[in-house]
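This is run30.txt (compact mmCIF, C-alpha atoms).
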```txt
# COMPACT_ATOMS: atom_id res chain seq x y z
CA MET A 1 1.88 17.57 24.45
CA ARG A 2 5.14 15.57 24.15
CA PHE A 3 4.17 13.62 27.27
CA LEU A 4 0.82 12.69 25.64
CA ASN A 5 2.58 11.74 22.42
CA PHE A 6 4.57 9.13 24.36
CA PHE A 7 1.35 7.16 24.72
CA LYS A 8 0.42 7.49 21.02
CA GLN A 9 1.64 5.60 18.01
CA GLU A 10 0.72 6.91 14.57
CA LEU A 11 1.29 4.72 11.51
CA ALA A 12 0.75 5.39 7.80
CA VAL A 13 0.20 2.08 6.03
CA ASP A 14 0.44 1.33 2.31
CA LEU A 15 -1.18 -2.10 2.41
CA GLY A 16 -0.20 -3.35 -1.03
CA THR A 17 -0.75 -6.59 -2.90
CA ALA A 18 2.99 -7.10 -3.42
CA ASN A 19 4.58 -5.02 -0.65
CA THR A 20 3.49 -3.31 2.55
CA LEU A 21 5.15 -0.09 3.63
CA ILE A 22 4.68 1.63 6.97
CA MET A 23 5.82 5.13 7.90
CA GLN A 24 6.15 6.45 11.44
CA ASN A 25 7.16 10.02 12.26
CA GLY A 26 7.88 10.67 8.58
CA GLU A 27 10.28 7.72 8.18
CA VAL A 28 9.78 4.37 6.45
CA VAL A 29 10.08 1.80 9.24
CA ILE A 30 8.67 -1.22 7.36
CA ASP A 31 9.17 -2.16 3.70
CA GLU A 32 8.33 -5.84 3.41
CA PRO A 33 6.63 -8.21 0.94
CA SER A 34 2.92 -8.74 1.69
CA ILE A 35 3.17 -12.40 2.58
CA VAL A 36 2.92 -14.58 5.67
CA ALA A 37 4.10 -18.15 6.35
CA ILE A 38 1.77 -20.26 8.49
CA ASP A 39 2.15 -23.65 10.18
CA ARG A 40 -0.67 -25.78 8.75
CA LYS A 41 -0.99 -27.88 11.94
CA SER A 42 -0.96 -25.24 14.66
CA GLU A 43 -2.10 -22.33 12.39
CA GLU A 44 0.55 -20.18 14.05
CA THR A 45 2.52 -17.56 12.14
CA ILE A 46 6.05 -18.72 11.34
CA ALA A 47 7.29 -15.69 9.42
CA VAL A 48 6.09 -12.43 7.93
CA GLY A 49 7.42 -10.26 5.12
CA ARG A 50 10.86 -10.87 3.65
CA ARG A 51 11.51 -14.03 5.67
CA ALA A 52 8.18 -15.50 4.50
CA MET A 53 8.99 -14.54 0.90
CA GLN A 54 12.24 -16.54 1.13
CA MET A 55 10.06 -19.57 1.92
CA HIS A 56 7.55 -18.89 -0.88
CA GLU A 57 7.30 -21.73 -3.42
CA LYS A 58 9.90 -23.70 -1.44
CA THR A 59 7.77 -25.05 1.43
CA HIS A 60 6.95 -28.59 2.50
CA GLU A 61 3.44 -29.80 3.35
CA ASN A 62 3.48 -28.46 6.95
CA ILE A 63 4.14 -24.85 5.92
CA GLN A 64 1.88 -22.66 3.81
CA THR A 65 2.79 -19.23 2.45
CA VAL A 66 -0.15 -16.91 1.90
CA ARG A 67 -0.42 -13.56 0.15
CA PRO A 68 -3.44 -12.12 2.01
CA LEU A 69 -4.19 -9.40 -0.53
CA LYS A 70 -5.42 -9.93 -4.05
CA ASP A 71 -6.09 -7.14 -6.53
CA GLY A 72 -5.38 -4.57 -3.83
CA VAL A 73 -7.95 -5.84 -1.31
CA ILE A 74 -7.98 -8.36 1.52
CA ALA A 75 -8.72 -11.85 0.18
CA ASP A 76 -7.71 -13.84 3.29
CA PHE A 77 -8.94 -12.06 6.40
CA ARG A 78 -7.11 -14.21 8.96
CA ALA A 79 -3.79 -14.13 7.12
CA ALA A 80 -4.08 -10.35 6.65
CA GLU A 81 -4.60 -9.90 10.38
CA GLN A 82 -1.55 -12.05 11.15
CA MET A 83 0.56 -10.17 8.60
CA ILE A 84 -0.42 -6.70 9.83
CA LYS A 85 0.18 -7.69 13.45
CA GLY A 86 3.57 -9.21 12.58
CA LEU A 87 4.70 -6.13 10.66
CA ILE A 88 3.59 -3.73 13.40
CA ASP A 89 5.37 -5.86 16.01
CA MET A 90 8.58 -5.41 13.98
CA ILE A 91 8.39 -1.68 14.75
CA GLY A 92 8.36 -2.20 18.51
CA ARG A 93 4.66 -1.57 18.95
CA ARG A 94 4.38 -2.49 22.64
CA ARG A 95 6.23 0.40 24.20
CA ALA A 96 3.26 0.96 26.50
CA PHE A 97 0.43 -1.46 27.09
CA PHE A 98 -2.07 1.39 27.02
CA SER A 99 -0.70 3.13 23.90
CA HIS A 100 -3.16 4.75 21.50
CA LEU A 101 -2.64 3.39 17.98
CA LYS A 102 -3.81 5.65 15.16
CA MET A 103 -3.60 4.44 11.54
CA VAL A 104 -4.26 5.76 8.06
CA ILE A 105 -4.39 2.94 5.50
CA CYS A 106 -4.52 3.46 1.74
CA ILE A 107 -6.98 1.49 -0.40
CA PRO A 108 -7.83 1.22 -4.13
CA SER A 109 -10.38 3.74 -5.38
CA GLY A 110 -12.59 0.96 -6.78
CA ILE A 111 -12.98 -0.84 -3.45
CA THR A 112 -16.43 -1.97 -2.24
CA GLU A 113 -18.05 -1.24 1.13
CA VAL A 114 -17.51 -4.86 2.18
CA GLU A 115 -13.81 -4.63 1.30
CA LYS A 116 -13.50 -1.35 3.24
CA ARG A 117 -15.06 -3.02 6.28
CA ALA A 118 -12.51 -5.86 6.03
CA VAL A 119 -9.67 -3.32 6.24
CA PHE A 120 -11.22 -1.59 9.26
CA GLU A 121 -11.79 -4.92 11.00
CA SER A 122 -8.18 -5.98 10.39
CA ALA A 123 -6.99 -2.70 11.91
CA ALA A 124 -9.28 -3.20 14.92
CA ARG A 125 -7.81 -6.67 15.47
CA VAL A 126 -4.37 -5.16 16.01
CA ASP A 127 -5.86 -2.78 18.61
CA ALA A 128 -6.02 0.35 16.46
CA LYS A 129 -8.11 2.88 18.35
CA GLU A 130 -8.45 5.32 15.45
CA THR A 131 -8.38 4.26 11.79
CA TYR A 132 -8.92 6.14 8.54
CA LEU A 133 -8.71 5.07 4.92
CA ILE A 134 -7.38 7.08 2.00
CA TYR A 135 -7.69 6.27 -1.69
CA GLU A 136 -4.42 5.35 -3.38
CA PRO A 137 -4.49 7.98 -6.19
CA MET A 138 -5.17 10.72 -3.63
CA ALA A 139 -2.33 9.49 -1.42
CA ALA A 140 -0.02 9.28 -4.45
CA ALA A 141 -0.87 12.87 -5.41
CA LEU A 142 -0.06 14.09 -1.90
CA GLY A 143 3.11 12.01 -1.88
CA ILE A 144 4.54 13.60 -5.03
CA GLY A 145 3.82 17.09 -3.73
CA LEU A 146 0.66 18.09 -5.62
CA ASP A 147 -1.76 20.48 -3.94
CA VAL A 148 -4.93 18.38 -4.08
CA GLU A 149 -7.02 21.17 -2.51
CA GLU A 150 -6.55 23.58 -5.43
CA PRO A 151 -9.15 23.90 -8.26
CA VAL A 152 -6.63 22.42 -10.70
CA GLY A 153 -6.96 19.02 -12.35
CA ASN A 154 -4.16 16.47 -12.05
CA MET A 155 -4.19 12.93 -13.41
CA ILE A 156 -2.48 10.22 -11.36
CA ILE A 157 -1.69 6.75 -12.73
CA ASP A 158 -0.69 4.53 -9.82
CA ILE A 159 0.43 1.08 -10.97
CA GLY A 160 0.73 -1.20 -7.98
CA GLY A 161 0.93 -4.96 -7.56
CA GLY A 162 -2.75 -5.81 -7.88
CA THR A 163 -4.45 -2.78 -9.43
CA THR A 164 -3.77 0.19 -11.66
CA GLU A 165 -5.53 3.27 -10.28
CA ILE A 166 -6.14 6.12 -12.70
CA ALA A 167 -7.77 9.22 -11.26
CA VAL A 168 -8.29 12.89 -12.01
CA ILE A 169 -8.04 14.88 -8.78
CA ALA A 170 -9.23 18.43 -8.04
CA LEU A 171 -10.59 20.28 -4.99
CA SER A 172 -9.76 17.42 -2.58
CA GLY A 173 -11.83 14.94 -4.55
CA ILE A 174 -11.62 12.34 -7.29
CA VAL A 175 -13.49 13.72 -10.30
CA SER A 176 -13.19 10.61 -12.45
CA ASP A 177 -11.36 7.36 -12.02
CA GLN A 178 -10.62 3.99 -13.56
CA SER A 179 -9.51 1.04 -11.45
CA ILE A 180 -8.38 -2.01 -13.39
CA ARG A 181 -6.94 -5.24 -12.08
CA ILE A 182 -4.06 -5.20 -14.52
CA ALA A 183 -0.83 -4.32 -12.72
CA GLY A 184 2.43 -5.78 -11.46
CA ASP A 185 1.07 -9.26 -10.68
CA GLU A 186 -0.48 -9.53 -14.14
CA LEU A 187 2.83 -8.57 -15.74
CA THR A 188 4.56 -11.26 -13.66
CA ASP A 189 1.99 -13.87 -14.75
CA ASN A 190 2.49 -12.86 -18.39
CA ILE A 191 6.22 -13.52 -18.07
CA VAL A 192 5.60 -16.96 -16.51
CA ASN A 193 3.23 -17.85 -19.37
CA TYR A 194 5.62 -16.54 -22.02
CA MET A 195 8.52 -18.60 -20.68
CA ARG A 196 6.36 -21.72 -20.65
CA LYS A 197 4.91 -21.28 -24.14
CA THR A 198 7.96 -19.92 -25.95
CA HIS A 199 10.89 -21.60 -24.21
CA ASN A 200 9.19 -24.69 -22.69
CA ILE A 201 10.63 -23.72 -19.32
CA LEU A 202 8.70 -23.48 -16.06
CA ILE A 203 9.67 -20.67 -13.70
CA GLY A 204 8.24 -19.48 -10.40
CA GLU A 205 6.72 -16.18 -9.41
CA ARG A 206 9.93 -14.93 -7.78
CA THR A 207 12.02 -15.64 -10.87
CA ALA A 208 9.45 -13.91 -13.09
CA GLU A 209 9.63 -10.88 -10.80
CA GLN A 210 13.42 -10.77 -11.22
CA ILE A 211 13.04 -10.94 -15.00
CA LYS A 212 10.60 -8.01 -14.85
CA ILE A 213 13.03 -5.98 -12.75
CA HIS A 214 16.14 -6.72 -14.83
CA VAL A 215 14.81 -6.72 -18.42
CA GLY A 216 11.16 -5.63 -18.16
CA SER A 217 10.18 -3.13 -20.86
CA ALA A 218 7.07 -1.55 -22.37
CA LEU A 219 8.91 -0.81 -25.63
CA PRO A 220 10.83 -3.11 -27.99
CA GLU A 221 13.39 -0.37 -28.66
CA LEU A 222 15.10 1.48 -25.81
CA ASP A 223 17.78 4.18 -25.89
CA ASP A 224 19.57 2.60 -22.92
CA PRO A 225 18.80 -1.14 -23.11
CA PRO A 226 19.51 -3.46 -20.16
CA ALA A 227 21.86 -6.43 -20.52
CA ASP A 228 20.38 -9.84 -21.32
CA PHE A 229 19.29 -11.82 -18.27
CA SER A 230 20.00 -15.48 -17.42
CA VAL A 231 16.99 -17.45 -16.20
CA ASN A 232 16.97 -20.81 -14.40
CA GLY A 233 13.91 -23.05 -14.57
CA ARG A 234 12.64 -26.56 -15.18
CA ASP A 235 12.55 -27.89 -18.72
CA LEU A 236 8.99 -29.02 -19.46
CA LEU A 237 10.13 -31.60 -22.02
CA ASN A 238 12.54 -33.62 -19.88
CA GLY A 239 12.01 -32.23 -16.37
CA ILE A 240 15.68 -31.29 -15.95
CA PRO A 241 16.66 -27.84 -14.63
CA ARG A 242 18.26 -25.64 -17.29
CA GLN A 243 19.27 -22.07 -17.98
CA ILE A 244 18.33 -19.75 -20.83
CA THR A 245 18.99 -16.09 -21.61
CA VAL A 246 16.20 -13.60 -22.32
CA THR A 247 16.32 -10.12 -23.85
CA TYR A 248 14.30 -7.05 -23.05
CA GLN A 249 12.74 -7.19 -26.55
CA GLU A 250 11.26 -10.60 -25.72
CA ILE A 251 9.81 -9.40 -22.45
CA ALA A 252 8.40 -6.27 -24.12
CA GLY A 253 6.45 -8.59 -26.42
CA ALA A 254 5.28 -10.69 -23.48
CA LEU A 255 3.99 -7.61 -21.64
CA ASP A 256 2.49 -5.83 -24.63
CA GLU A 257 -1.12 -6.95 -24.12
CA ALA A 258 -1.21 -5.92 -20.44
CA VAL A 259 0.40 -2.54 -21.16
CA THR A 260 -2.16 -1.97 -23.93
CA GLN A 261 -4.95 -2.53 -21.39
CA ILE A 262 -3.40 0.10 -19.12
CA GLU A 263 -3.21 2.51 -22.08
CA ASP A 264 -6.88 1.88 -22.88
CA ALA A 265 -7.87 2.58 -19.26
CA VAL A 266 -5.99 5.89 -19.34
CA ILE A 267 -7.83 6.89 -22.53
CA ARG A 268 -11.20 5.96 -20.94
CA ALA A 269 -10.40 8.12 -17.91
CA LEU A 270 -9.45 11.06 -20.14
CA GLU A 271 -12.70 10.71 -22.10
CA THR A 272 -14.84 11.22 -18.97
CA ILE A 273 -13.32 14.39 -17.54
CA PRO A 274 -14.94 17.85 -17.80
CA PRO A 275 -13.43 20.13 -20.48
CA GLU A 276 -11.94 22.65 -18.02
CA LEU A 277 -10.06 19.88 -16.21
CA ALA A 278 -8.96 18.51 -19.57
CA SER A 279 -7.39 21.91 -20.21
CA ASP A 280 -5.49 21.65 -16.91
CA ILE A 281 -4.23 18.16 -17.70
CA TYR A 282 -3.04 19.30 -21.13
CA SER A 283 -0.80 21.75 -19.24
CA THR A 284 0.22 19.59 -16.28
CA GLY A 285 0.46 16.18 -17.98
CA LEU A 286 0.12 12.76 -16.38
CA TYR A 287 1.90 11.55 -13.24
CA LEU A 288 3.12 7.95 -12.95
CA THR A 289 3.56 6.38 -9.51
CA GLY A 290 3.81 2.89 -8.04
CA GLY A 291 6.21 0.07 -8.84
CA GLY A 292 4.84 -0.23 -12.38
CA ALA A 293 6.11 3.28 -13.11
CA LEU A 294 9.63 1.77 -13.12
CA LEU A 295 8.86 -0.37 -16.20
CA ARG A 296 11.30 0.81 -18.85
CA GLY A 297 9.74 2.91 -21.62
CA LEU A 298 6.27 3.03 -20.09
CA ASP A 299 6.30 6.83 -19.80
CA ARG A 300 7.30 7.19 -23.46
CA ARG A 301 4.64 4.74 -24.57
CA LEU A 302 1.87 6.49 -22.63
CA SER A 303 3.04 9.88 -23.85
CA LYS A 304 2.90 8.69 -27.46
CA LYS A 305 -0.58 7.22 -26.95
CA THR A 306 -2.09 10.30 -25.25
CA GLN A 307 0.02 13.05 -26.87
CA LEU A 308 0.54 14.42 -23.34
CA PRO A 309 3.66 14.83 -21.19
CA VAL A 310 4.14 11.97 -18.70
CA HIS A 311 6.10 12.53 -15.48
CA VAL A 312 7.51 9.61 -13.48
CA ALA A 313 7.53 10.37 -9.74
CA GLU A 314 10.96 10.90 -8.21
CA ASP A 315 10.45 7.91 -5.90
CA PRO A 316 7.42 6.07 -7.33
CA LEU A 317 7.55 3.17 -4.85
CA LEU A 318 7.22 5.52 -1.87
CA ALA A 319 4.74 8.05 -3.31
CA VAL A 320 1.62 6.42 -1.82
CA VAL A 321 3.01 5.82 1.67
CA LYS A 322 4.47 9.35 1.77
CA GLY A 323 1.06 10.80 0.91
CA THR A 324 -0.61 8.56 3.49
CA SER A 325 1.86 9.83 6.09
CA LYS A 326 1.12 13.44 5.11
CA ALA A 327 -2.62 12.86 5.59
CA LEU A 328 -1.92 11.17 8.95
CA SER A 329 0.10 14.14 10.17
CA ASP A 330 -2.88 16.49 9.73
CA THR A 331 -6.14 14.51 9.74
CA ARG A 332 -8.15 17.68 10.45
CA ARG A 333 -6.90 19.46 7.35
CA TYR A 334 -7.37 16.39 5.16
CA LYS A 335 -10.66 15.33 6.71
CA SER A 336 -12.45 15.60 3.35
CA ILE A 337 -10.19 13.03 1.67
CA LEU A 338 -10.13 10.50 4.53
CA VAL A 339 -12.70 7.74 5.05
CA PRO A 340 -13.53 7.22 8.76
CA ALA A 341 -14.85 3.92 10.13
CA SER A 342 -18.23 5.53 10.90
CA SER A 343 -18.89 6.09 7.17
CA VAL A 344 -18.77 2.38 6.31
CA SER A 345 -22.09 0.60 6.70
```

What do you get writing this file as structure tokens?
Amino acid sequence: MRFLNFFKQELAVDLGTANTLIMQNGEVVIDEPSIVAIDRKSEETIAVGRRAMQMHEKTHENIQTVRPLKDGVIADFRAAEQMIKGLIDMIGRRRAFFSHLKMVICIPSGITEVEKRAVFESAARVDAKETYLIYEPMAAALGIGLDVEEPVGNMIIDIGGGTTEIAVIALSGIVSDQSIRIAGDELTDNIVNYMRKTHNILIGERTAEQIKIHVGSALPELDDPPADFSVNGRDLLNGIPRQITVTYQEIAGALDEAVTQIEDAVIRALETIPPELASDIYSTGLYLTGGGALLRGLDRRLSKKTQLPVHVAEDPLLAVVKGTSKALSDTRRYKSILVPASSVS
């Protein structure tokens, strides 16, 4: 069996809008931004992941940086193929020219058949011989250690870069779900717009992301507030670069509308579940995963809105890829929660 395993490579892939994570043999081997830099003239890939992100918004006319995924699904097929290939090559994929590549890739629960096919085709282009898909909330539930096969309802709120996935899971299936395209990218855009309208300063996507990380908050009052954050940008009145300081209270106001939309989606999901599962969720509470779970005060705000306990996953950024890896390690056991290529028309 070990001899046969030498010719196999099994990868669990969290193909995210903001970041792509890959696990092999239970270890995270790739954690890179979902972006690729392409030479406009030759159309060759210059850089993938972190190196491409360093070029983002700093390129000249001969270089283009592309984020292939939008709202959790593939928006640029060619760029996605180049990105996936580049990331897999980082692992040392070509240990044997006849190796058998098996992949499980997580996808949003609200994905269409056409979007599923795009993921399968991208996997085929990197010579994957066996590919399965798994829905993000299901993978997140597995990743935080829930027994998804039991007749017990659990609600997962996975806030990624492009989508927020809210699902009630029981008996290896998704009983009800809400998938909204309000997530990390929307929060970043809100910060960019706030800085432009309130401070007359233009900042880029990367700077807005740093603001979100350092002083992002869902509440205007925190028990352990972060220090104010200095921001560099271009003054829209005179065009000269300048620096200002922002507080977490300001950013909480900038993000309020988007967080309210997430709250509303959670309420809609709760309103559609059967009463017996509602009873389970009253006991178990809600589980927050994904990068958005790290937004300060979000758990308290959701708990106040729903009157339910809210648990933030121990490692929310890795929950989905860990669950994907668990499904990969035993595809027979988790056959009912995996989507094979043959099921996509």

Shortest interatomic distance to A:His60 - which of A:Leu302, A:Ile38, A:Leu318, A:Leu286, counting all atoms listed in the file: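 Looking at the shortest contact to A:His60, the residue is A:Ile38.
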
Quick one: of A:Ser329, A:Thr131, A:Thr59, A:Gln178, who's nearest to A:Ile262, counting only C-alpha atoms? A:Gln178

Which residue is closest to A:Ala75? Choose from A:Lys304, A:Lys116, A:Lys8, A:His56 and count all atoms listed in the file. A:Lys116

Residue among A:Ile273, A:Ala140, A:Leu328, A:Leu308 lying closest to A:Gln9, counting only C-alpha atoms: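 Answer, going by the shortest atom-to-atom distance: A:Leu328.
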
Among listed residues A:Ser343, A:Ser42, A:Thr324, A:Gln82, nearest A:Ser122 (using all atoms listed in the file):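 So, comparing all the options, the nearest one is A:Gln82.
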
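Proximity of A:Phe229, A:Tyr282, A:Phe120, A:Tyr334 to A:His214, computed with only C-alpha atoms, is greatest for A:Phe229.
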
Figure out the distance between atom CA of A:Asp127 and atom CA of A:Met90, please, to one decimal in Å.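 Between atom CA of A:Met90 and atom CA of A:Asp127 the gap is 15.4 Å.
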
Pairwise distance for atom CA of A:Ile144 and atom CA of A:Met83, rounded to one decimal in Å: 27.7 Å
